[in-house]
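Asks: Structure file input.cif (mmCIF, C-alpha atoms) is given on the next line.
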```
data_model
#
loop_
_atom_site.label_atom_id
_atom_site.label_comp_id
_atom_site.auth_asym_id
_atom_site.auth_seq_id
_atom_site.Cartn_x
_atom_site.Cartn_y
_atom_site.Cartn_z
CA MET A 1 28.80 -32.79 -3.48
CA ARG A 2 25.83 -30.69 -2.41
CA GLU A 3 24.89 -28.11 -5.05
CA LEU A 4 24.89 -24.52 -3.80
CA PRO A 5 21.77 -22.43 -4.47
CA PRO A 6 22.20 -19.96 -7.31
CA ARG A 7 23.18 -16.43 -6.31
CA ALA A 8 20.35 -14.01 -6.88
CA ARG A 9 20.72 -11.32 -9.51
CA LEU A 10 18.48 -8.27 -9.64
CA THR A 11 16.92 -7.85 -13.07
CA ASN A 12 14.23 -5.13 -12.92
CA LEU A 13 12.79 -2.26 -10.91
CA HIS A 14 9.39 -0.61 -11.37
CA SER A 15 6.67 1.25 -9.50
CA LYS A 16 2.88 1.57 -9.70
CA ILE A 17 -0.13 2.60 -7.64
CA ASN A 18 -2.22 -0.30 -6.33
CA SER A 19 -5.57 -0.47 -4.58
CA GLN A 20 -6.38 -2.93 -1.81
CA GLY A 21 -9.93 -2.43 -0.66
CA GLU A 22 -10.33 1.17 0.48
CA GLU A 23 -6.58 1.75 0.67
CA GLN A 24 -4.13 2.80 -2.03
CA PHE A 25 -0.42 1.98 -2.05
CA SER A 26 2.59 3.24 -3.95
CA THR A 27 4.49 0.04 -4.66
CA VAL A 28 8.14 -0.36 -5.59
CA THR A 29 8.88 -3.82 -6.99
CA ILE A 30 12.38 -5.28 -7.21
CA GLU A 31 12.64 -8.36 -9.42
CA ALA A 32 15.32 -11.01 -8.95
CA THR A 33 16.30 -14.38 -10.38
CA ALA A 34 16.09 -16.06 -6.94
CA PRO A 35 15.21 -15.24 -3.30
CA ALA A 36 17.66 -12.89 -1.60
CA PRO A 37 18.02 -11.51 1.95
CA VAL A 38 16.57 -8.00 2.38
CA GLU A 39 17.18 -5.36 5.04
CA VAL A 40 15.18 -2.15 5.33
CA SER A 41 16.16 0.94 7.31
CA TYR A 42 15.15 4.60 7.55
CA PRO A 43 18.21 6.86 7.89
CA GLU A 44 15.77 9.79 7.58
CA PRO A 45 11.97 9.88 7.94
CA THR A 46 11.59 10.39 4.17
CA LEU A 47 14.35 8.02 3.08
CA CYS A 48 13.75 4.27 2.90
CA GLN A 49 16.98 2.34 2.35
CA VAL A 50 16.62 -1.22 1.06
CA THR A 51 19.69 -3.46 1.01
CA VAL A 52 19.45 -6.66 -1.02
CA ARG A 53 22.21 -9.27 -0.90
CA ALA A 54 22.33 -9.80 -4.64
CA ALA A 55 24.27 -8.63 -7.66
CA MET A 56 22.79 -6.01 -9.94
CA ASN A 57 22.05 -7.09 -13.50
CA MET A 58 19.95 -4.13 -14.59
CA TYR A 59 20.15 -0.50 -15.63
CA PRO A 60 21.51 1.44 -12.60
CA GLY A 61 19.90 4.75 -13.46
CA PRO A 62 17.34 6.43 -11.19
CA LEU A 63 13.63 5.64 -11.33
CA TYR A 64 11.61 8.87 -11.27
CA VAL A 65 8.21 8.08 -9.75
CA GLN A 66 6.81 11.41 -8.48
CA ASP A 67 3.41 10.03 -7.46
CA GLY A 68 2.97 12.14 -4.33
CA ILE A 69 4.43 9.52 -1.99
CA ILE A 70 7.55 8.23 -3.79
CA ARG A 71 9.78 10.85 -5.38
CA GLU A 72 12.51 8.71 -6.91
CA VAL A 73 14.56 5.55 -6.43
CA THR A 74 18.34 5.50 -6.82
CA LEU A 75 20.59 2.45 -6.47
CA HIS A 76 24.24 1.49 -6.14
CA THR A 77 26.30 -1.56 -5.28
CA VAL A 78 28.41 -2.09 -2.17
CA ALA A 79 30.54 -5.27 -2.20
CA GLU A 80 28.04 -8.07 -2.88
CA GLU A 81 24.97 -6.02 -2.04
CA THR A 82 22.70 -3.64 -3.92
CA VAL A 83 21.35 -0.64 -2.04
CA PHE A 84 18.11 1.07 -3.09
CA ASN A 85 17.45 4.57 -1.76
CA ILE A 86 13.73 5.33 -1.98
CA CYS A 87 13.23 9.09 -1.54
CA LEU A 88 9.77 9.91 -0.23
CA ASP A 89 7.58 13.01 -0.18
CA GLU A 90 5.88 11.72 2.99
CA ALA A 91 7.24 9.95 6.06
CA VAL A 92 5.53 6.64 5.27
CA GLN A 93 7.09 3.29 6.11
CA ALA A 94 6.85 0.33 3.77
CA VAL A 95 5.07 -2.95 4.25
CA ILE A 96 7.23 -5.62 2.57
CA THR A 97 5.96 -8.69 0.77
CA CYS A 98 8.02 -11.23 -1.17
CA ILE A 99 6.39 -13.18 -3.98
CA GLU A 100 7.84 -16.53 -5.02
CA GLY A 101 8.11 -17.37 -8.67
CA THR A 102 10.04 -16.35 -11.76
CA PRO A 103 10.94 -13.61 -11.32
CA TYR A 104 11.13 -13.46 -7.55
CA ARG A 105 9.55 -10.17 -6.44
CA ILE A 106 10.35 -7.96 -3.46
CA CYS A 107 7.44 -5.52 -3.07
CA LEU A 108 7.62 -2.44 -0.86
CA ASN A 109 4.14 -0.99 -0.30
CA PHE A 110 3.84 2.61 0.91
CA ASN A 111 0.36 3.66 2.05
CA ARG A 112 -1.03 6.63 0.13
CA ARG A 113 -3.08 7.78 3.09
CA PRO A 114 -1.41 11.25 3.19
CA MET A 115 -2.73 11.93 -0.31
CA GLN A 116 -6.19 10.71 0.63
CA ASP A 117 -6.18 12.72 3.87
CA PHE A 118 -5.59 15.87 1.84
CA TYR A 119 -8.22 15.32 -0.86
CA GLN A 120 -10.93 13.46 1.04
CA ASP A 121 -14.30 15.27 0.81
CA ARG A 122 -12.84 18.25 -1.04
CA VAL A 123 -14.92 19.30 -4.06
CA VAL A 124 -12.85 19.56 -7.24
CA VAL A 125 -14.54 20.98 -10.34
CA ILE A 126 -13.17 19.63 -13.63
CA ASP A 127 -14.03 21.52 -16.80
CA PRO A 128 -13.22 19.55 -20.00
CA GLY A 129 -12.90 22.19 -22.71
CA HIS A 130 -15.22 22.40 -25.74
CA GLY A 131 -17.46 19.35 -26.36
CA GLY A 132 -20.39 18.34 -28.53
CA SER A 133 -20.44 20.28 -31.80
CA ASP A 134 -17.42 22.36 -30.74
CA PRO A 135 -14.26 20.34 -31.51
CA GLY A 136 -11.76 23.01 -30.47
CA HIS A 137 -8.36 22.87 -32.12
CA ARG A 138 -7.49 20.08 -34.54
CA GLY A 139 -4.14 18.30 -34.74
CA PRO A 140 -2.27 17.67 -38.00
CA VAL A 141 -3.39 14.01 -37.94
CA ASN A 142 -6.93 15.00 -36.93
CA LEU A 143 -7.02 14.55 -33.15
CA LEU A 144 -9.56 16.96 -31.65
CA GLU A 145 -9.01 19.13 -28.60
CA ARG A 146 -12.55 18.29 -27.43
CA ASP A 147 -11.75 14.57 -27.21
CA MET A 148 -8.26 14.93 -25.74
CA ALA A 149 -9.48 17.31 -23.04
CA TRP A 150 -12.14 14.75 -22.14
CA LYS A 151 -9.51 11.99 -21.82
CA THR A 152 -7.28 13.99 -19.49
CA ALA A 153 -10.31 15.16 -17.49
CA GLY A 154 -11.42 11.55 -17.11
CA GLU A 155 -8.01 10.56 -15.71
CA LEU A 156 -8.14 13.50 -13.30
CA ALA A 157 -11.57 12.41 -12.10
CA ARG A 158 -10.47 8.79 -11.68
CA ILE A 159 -7.41 9.72 -9.61
CA LEU A 160 -9.26 12.23 -7.45
CA GLU A 161 -12.18 9.91 -6.78
CA GLY A 162 -9.67 7.22 -5.75
CA LEU A 163 -8.43 9.73 -3.16
CA LYS A 164 -12.02 10.27 -1.93
CA ALA A 165 -12.42 13.73 -3.42
CA ARG A 166 -15.85 14.76 -4.68
CA VAL A 167 -15.57 15.49 -8.39
CA VAL A 168 -17.96 17.77 -10.28
CA MET A 169 -17.74 17.75 -14.11
CA THR A 170 -18.98 20.84 -15.95
CA ARG A 171 -20.12 18.83 -18.96
CA ARG A 172 -20.97 15.36 -20.18
CA GLN A 173 -18.97 13.86 -23.02
CA GLU A 174 -21.27 14.93 -25.89
CA GLU A 175 -22.35 18.21 -24.29
CA ASN A 176 -21.10 21.74 -24.97
CA PRO A 177 -22.48 24.08 -22.30
CA SER A 178 -21.75 27.79 -22.46
CA TRP A 179 -19.14 29.29 -20.17
CA GLN A 180 -21.87 30.73 -17.96
CA GLU A 181 -23.56 27.33 -17.75
CA ARG A 182 -20.24 25.79 -16.71
CA LEU A 183 -19.77 28.43 -14.02
CA ALA A 184 -23.28 27.74 -12.74
CA ARG A 185 -22.26 24.13 -12.04
CA VAL A 186 -19.54 25.18 -9.59
CA PRO A 187 -20.94 24.44 -6.11
CA PRO A 188 -20.38 26.70 -3.10
CA GLY A 189 -17.33 25.65 -1.12
CA ALA A 190 -15.51 24.13 -4.09
CA PHE A 191 -11.83 23.41 -3.46
CA CYS A 192 -10.55 24.34 -6.92
CA PHE A 193 -11.53 24.60 -10.58
CA LEU A 194 -9.46 22.85 -13.27
CA SER A 195 -10.23 23.59 -16.91
CA ILE A 196 -8.56 21.24 -19.42
CA HIS A 197 -7.70 22.38 -22.93
CA GLU A 198 -5.01 21.97 -25.59
CA TYR A 199 -3.25 24.94 -27.16
CA GLY A 200 -3.49 25.69 -30.87
CA SER A 201 -1.03 27.81 -32.83
CA PRO A 202 -0.72 28.89 -36.48
CA ASP A 203 2.99 28.12 -36.06
CA ALA A 204 3.14 24.35 -36.54
CA ALA A 205 6.61 24.25 -34.98
CA ARG A 206 5.42 25.60 -31.66
CA ARG A 207 5.25 23.05 -28.85
CA GLY A 208 4.72 22.77 -25.15
CA THR A 209 2.70 23.05 -21.97
CA ALA A 210 1.17 26.12 -20.35
CA VAL A 211 -0.95 26.76 -17.26
CA LEU A 212 -3.19 29.83 -17.04
CA TYR A 213 -4.60 31.06 -13.74
CA ASN A 214 -7.32 33.12 -12.11
CA PRO A 215 -5.66 36.49 -11.38
CA ALA A 216 -8.36 37.48 -8.89
CA ARG A 217 -6.34 35.62 -6.27
CA PRO A 218 -2.59 36.46 -6.35
CA GLU A 219 -1.54 33.05 -5.00
CA ASN A 220 -2.93 31.40 -8.12
CA GLU A 221 0.12 32.45 -10.12
CA GLU A 222 2.35 30.44 -7.76
CA LEU A 223 -0.05 27.51 -7.97
CA ALA A 224 0.05 27.63 -11.78
CA ALA A 225 3.86 27.65 -11.75
CA ALA A 226 3.93 24.64 -9.41
CA VAL A 227 1.53 22.68 -11.63
CA LEU A 228 3.44 23.60 -14.79
CA GLU A 229 6.77 22.53 -13.30
CA ARG A 230 5.36 19.19 -12.20
CA ILE A 231 3.77 18.44 -15.59
CA VAL A 232 6.83 19.25 -17.71
CA THR A 233 9.09 17.32 -15.34
CA ARG A 234 6.82 14.28 -15.55
CA VAL A 235 5.99 14.19 -19.27
CA LYS A 236 9.10 15.96 -20.65
CA THR A 237 7.30 18.63 -22.67
CA PRO A 238 8.80 22.12 -23.16
CA PRO A 239 7.17 24.78 -20.95
CA ARG A 240 5.26 27.66 -22.54
CA GLY A 241 4.87 29.40 -19.19
CA THR A 242 2.03 30.75 -17.06
CA SER A 243 -0.27 33.71 -17.63
CA PRO A 244 -3.52 35.19 -16.26
CA ASP A 245 -6.81 34.11 -17.82
CA ALA A 246 -9.57 36.73 -18.05
CA GLU A 247 -12.42 34.19 -18.05
CA LEU A 248 -11.29 32.58 -14.81
CA VAL A 249 -11.69 35.93 -13.01
CA GLN A 250 -15.41 35.25 -13.01
CA LEU A 251 -14.78 32.52 -10.41
CA GLY A 252 -13.92 35.15 -7.81
CA GLN A 253 -11.45 34.01 -5.16
CA LEU A 254 -11.65 30.35 -6.13
CA PRO A 255 -8.26 28.79 -7.03
CA ALA A 256 -8.72 28.11 -10.73
CA LEU A 257 -6.41 26.97 -13.53
CA ARG A 258 -6.67 26.42 -17.25
CA ILE A 259 -4.26 23.59 -18.08
CA GLU A 260 -2.96 23.15 -21.63
CA PRO A 261 -0.83 19.97 -21.57
CA VAL A 262 0.36 20.25 -25.18
CA THR A 263 0.15 22.28 -28.37
CA ILE A 264 -2.13 20.02 -30.37
CA THR A 265 -1.30 21.75 -33.68
CA ASN A 266 2.28 20.47 -33.43
CA TRP A 267 2.68 16.93 -34.80
CA VAL A 268 5.07 15.85 -32.00
CA ASP A 269 2.74 17.08 -29.26
CA GLU A 270 -0.28 15.58 -31.00
CA GLY A 271 1.57 12.25 -31.01
CA LEU A 272 1.93 12.43 -27.22
CA LEU A 273 -1.84 12.63 -26.91
CA ARG A 274 -2.21 9.25 -28.64
CA ASN A 275 -0.56 7.54 -25.68
CA PRO A 276 -3.05 6.89 -22.83
CA TYR A 277 -0.19 7.00 -20.33
CA PHE A 278 0.39 10.64 -21.25
CA HIS A 279 -3.09 11.54 -19.98
CA GLN A 280 -2.53 9.50 -16.81
CA LYS A 281 0.86 11.07 -16.11
CA THR A 282 -0.44 14.58 -16.74
CA ALA A 283 -3.42 14.09 -14.45
CA LEU A 284 -1.31 12.61 -11.64
CA ALA A 285 1.19 15.47 -11.98
CA VAL A 286 -1.62 17.99 -11.50
CA VAL A 287 -3.04 16.19 -8.46
CA VAL A 288 0.38 15.89 -6.81
CA ALA A 289 1.37 19.49 -7.54
CA ILE A 290 -1.81 20.95 -6.05
CA LYS A 291 -1.48 18.92 -2.88
CA GLN A 292 2.20 19.75 -2.40
CA TYR A 293 1.65 23.44 -3.09
CA PHE A 294 -0.99 23.85 -0.41
CA ARG A 295 0.89 21.66 2.02
CA GLN A 296 3.99 23.83 1.70
CA ARG A 297 1.94 26.98 2.24
CA SER A 298 0.35 25.85 5.47
CA LYS A 299 0.70 23.18 8.10
CA ASP A 300 -3.08 23.18 8.19
CA TYR A 301 -4.46 22.29 4.75
CA GLY A 302 -7.35 24.65 5.28
CA PRO A 303 -11.02 23.99 6.10
CA ARG A 304 -12.97 21.77 3.77
CA ASN A 305 -16.34 23.36 4.23
CA LYS A 306 -15.72 27.09 4.23
CA GLU A 307 -16.56 28.58 0.84
CA ASN A 308 -13.50 29.29 -1.36
CA SER A 309 -11.22 29.07 1.67
CA PHE A 310 -7.50 28.30 1.57
CA SER A 311 -5.15 29.12 4.37
#
```
Could you render the structure from this file as structure tokens?
Replies:
Amino acid sequence: MRELPPRARLTNLHSKINSQGEEQFSTVTIEATAPAPVEVSYPEPTLCQVTVRAAMNMYPGPLYVQDGIIREVTLHTVAEETVFNICLDEAVQAVITCIEGTPYRICLNFNRRPMQDFYQDRVVVIDPGHGGSDPGHRGPVNLLERDMAWKTAGELARILEGLKARVVMTRRQEENPSWQERLARVPPGAFCFLSIHEYGSPDAARRGTAVLYNPARPENEELAAAVLERIVTRVKTPPRGTSPDAELVQLGQLPALRIEPVTITNWVDEGLLRNPYFHQKTALAVVVAIKQYFRQRSKDYGPRNKENSFS
């Protein structure tokens, strides 16, 4: 008697950002024990529905991606099929590749061109707080604000440069310029200014994330709230809120934020900083929030070359 091929079972689901030459892709990977038929449809422009003829042998909970292209992936079973609903922030259709092996992989690649189109050639100024002989706040297990701000700033720069933005850093790693020296490094026509710090409190029980803003431009308060919401949703920290920052006023009408991802003087928050993925997730949350905020405010993202211009 001829032996029937084994029925595929789905064992894992994950997502990551990949680069292929000059292009970036948000990739959803479905892993299976064997090849399985796949159908892809788009009931809505921002909903990719993937039907795999295979049983589900994995956790059925949603996958929260939030990378600017993919919002989340939910799944359910219908008869002998598993249906994946990939909710998108952009109307981008997937390129599908299947990779033989153990496990068998079904890869759905969504081009990140909408993110690149927004950031390309925009000048983003990143200001890593403190530096050099100024360590900033110190955590209970001796992490320094100076070093943690540099790590998050580095992730911001890496992500933005991958999207073809032009990044200007206000200091080198071992340097501690004055505030006026940092301001002097902001070029005309900059897109935005992002200062990275950690919060310090005499109350060791205090935790959380805050975003301060330049009150010289009223819209900056909304921008700060959007960035705060995205960070706390992504990294699961408690919010400490938004507030105006008197120093940022010196930047005039430039959209400017001071981002404090955690309270470094709290031992739980300091522990988060020891995980490199925390810095990556925080940086990506900031990049996505800024893009989505300005996109929602205007169909036209605004001119790239007009000084301090956002419309």
Asks: Looking at only C-alpha atoms, which of A:Gly68, A:Pro239, A:Pro218, A:Gly136 is the one that sits closest to Ile159 of chain A?
Replies: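 Counting only C-alpha atoms, the residue closest to Ile159 of chain A is A:Gly68.
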Asks: Restricting the calculation to only C-alpha atoms: of A:Ala190, A:Arg172, A:Ala283, A:Ile259, which residue gets closest to Gly208 of chain A?
Replies: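 Looking at the shortest contact to Gly208 of chain A, the residue is A:Ile259.
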Asks: Hey, can you check how far atom CA of Arg146 of chain A sits from atom CA of Pro202 of chain A?
Replies: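 Interatomic distance, atom CA of Arg146 of chain A to atom CA of Pro202 of chain A: 18.3 Å.
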Asks: Could you state the separation of atom CA of Ala225 of chain A and atom CA of Arg113 of chain A in Å, given to one decimal place?
Replies: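 Atom CA of Ala225 of chain A sits 25.8 Å away from atom CA of Arg113 of chain A.
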Asks: Quick one: residues within 12 Å of Arg158 of chain A, only C-alpha atoms counted, chain neighbours fewer than 4 positions away excluded, as number ranges by chain?
Replies: A: 124, 126, 151-154, 162-169, 279-280, 283-284, 287
Asks: Let me have the centre and edge lengths in Å, one decimal, of the box along x, y and z around every listed atom of segment 219-225 of chain A with 4 Å of margin on each side, as lines of an AutoDock Vina configuration file.
Replies:
```
center_x = 0.5
center_y = 30.3
center_z = -8.4
size_x = 14.8
size_y = 13.5
size_z = 14.8
```
Asks: For the file shown, report as a list of chain:residue names the outcome of the PyMOL selection byres ((chain A and resi 55) around 10) at residue level.
Replies: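 With the PyMOL selection byres ((chain A and resi 55) around 10) on this model, the match is A:Arg7, A:Ala8, A:Arg9, A:Leu10, A:Thr11, A:Ala32, A:Ala36, A:Val52, A:Arg53, A:Ala54, A:Met56, A:Asn57, A:Met58, A:Thr77, A:Val78, A:Ala79, A:Glu80, A:Glu81, A:Thr82.
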Asks: Identify which of the residues A:Thr209, A:Gln253, A:Thr237, A:Thr46 lies closest to Cys192 of chain A, counting all atoms listed in the file when measuring atom-to-atom distances.
Replies: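 For Cys192 of chain A, the nearest of the candidates is A:Gln253.
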Asks: Using the chain letters and numbers from the file, which residues does the PyMOL selection byres ((chain A and resi 30) around 7) grab, as an mmCIF file with C-alpha atoms, in the frame of the given file?
Replies:
```cif
data_model
loop_
_atom_site.group_PDB
_atom_site.id
_atom_site.type_symbol
_atom_site.label_atom_id
_atom_site.label_comp_id
_atom_site.auth_asym_id
_atom_site.auth_seq_id
_atom_site.Cartn_x
_atom_site.Cartn_y
_atom_site.Cartn_z
ATOM 1 C CA ASN A 12 14.230 -5.130 -12.920
ATOM 2 C CA LEU A 13 12.790 -2.260 -10.910
ATOM 3 C CA HIS A 14 9.390 -0.610 -11.370
ATOM 4 C CA VAL A 28 8.140 -0.360 -5.590
ATOM 5 C CA THR A 29 8.880 -3.820 -6.990
ATOM 6 C CA GLU A 31 12.640 -8.360 -9.420
ATOM 7 C CA ALA A 32 15.320 -11.010 -8.950
ATOM 8 C CA ARG A 105 9.550 -10.170 -6.440
ATOM 9 C CA ILE A 106 10.350 -7.960 -3.460
ATOM 10 C CA CYS A 107 7.440 -5.520 -3.070
#
```
Asks: Can you write out as a tab-separated table which residues of segment 68-143 of chain A fall within 8 Å of segment 176-180 of chain A, alongside each residue's closest atom pair and its distance in Å to one decimal, counting only C-alpha atoms and ordering rows by chain and ascending residue number?
Replies:
```
residue	atom	partner	partner_atom	distance
A:His130	CA	A:Asn176	CA	6.0
A:Gly131	CA	A:Asn176	CA	4.6
A:Gly132	CA	A:Asn176	CA	5.0
A:Ser133	CA	A:Asn176	CA	7.0
A:Asp134	CA	A:Asn176	CA	6.9
```
Asks: Please, could you write that set of residues out with C-alpha atoms as a PDB file, in the frame of the given file?
Replies:
```pdb
ATOM      1  CA  HIS A 130     -15.220  22.400 -25.740  1.00  0.00           C
ATOM      2  CA  GLY A 131     -17.460  19.350 -26.360  1.00  0.00           C
ATOM      3  CA  GLY A 132     -20.390  18.340 -28.530  1.00  0.00           C
ATOM      4  CA  SER A 133     -20.440  20.280 -31.800  1.00  0.00           C
ATOM      5  CA  ASP A 134     -17.420  22.360 -30.740  1.00  0.00           C
TER       6      ASP A 134
END
```
Asks: Measure the distance from atom CA of Phe191 of chain A to atom CA of His137 of chain A in Å and round it to one decimal.
Replies: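 Between these atoms lies a distance of 28.9 Å.
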Asks: Can you spell out as an MDAnalysis selection string the set of residues that the PyMOL selection byres ((chain A and resi 128) around 6) selects in the structure I just provided?
Replies: chainID A and resid 127 129 149:150 153 195:196
Asks: Given only C-alpha atoms as the basis, pick out the residue of A:Val227, A:Val73, A:Leu156, A:Ile17 nearest to Arg112 of chain A.
Replies: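 Closest residue, counting only C-alpha atoms: A:Ile17.
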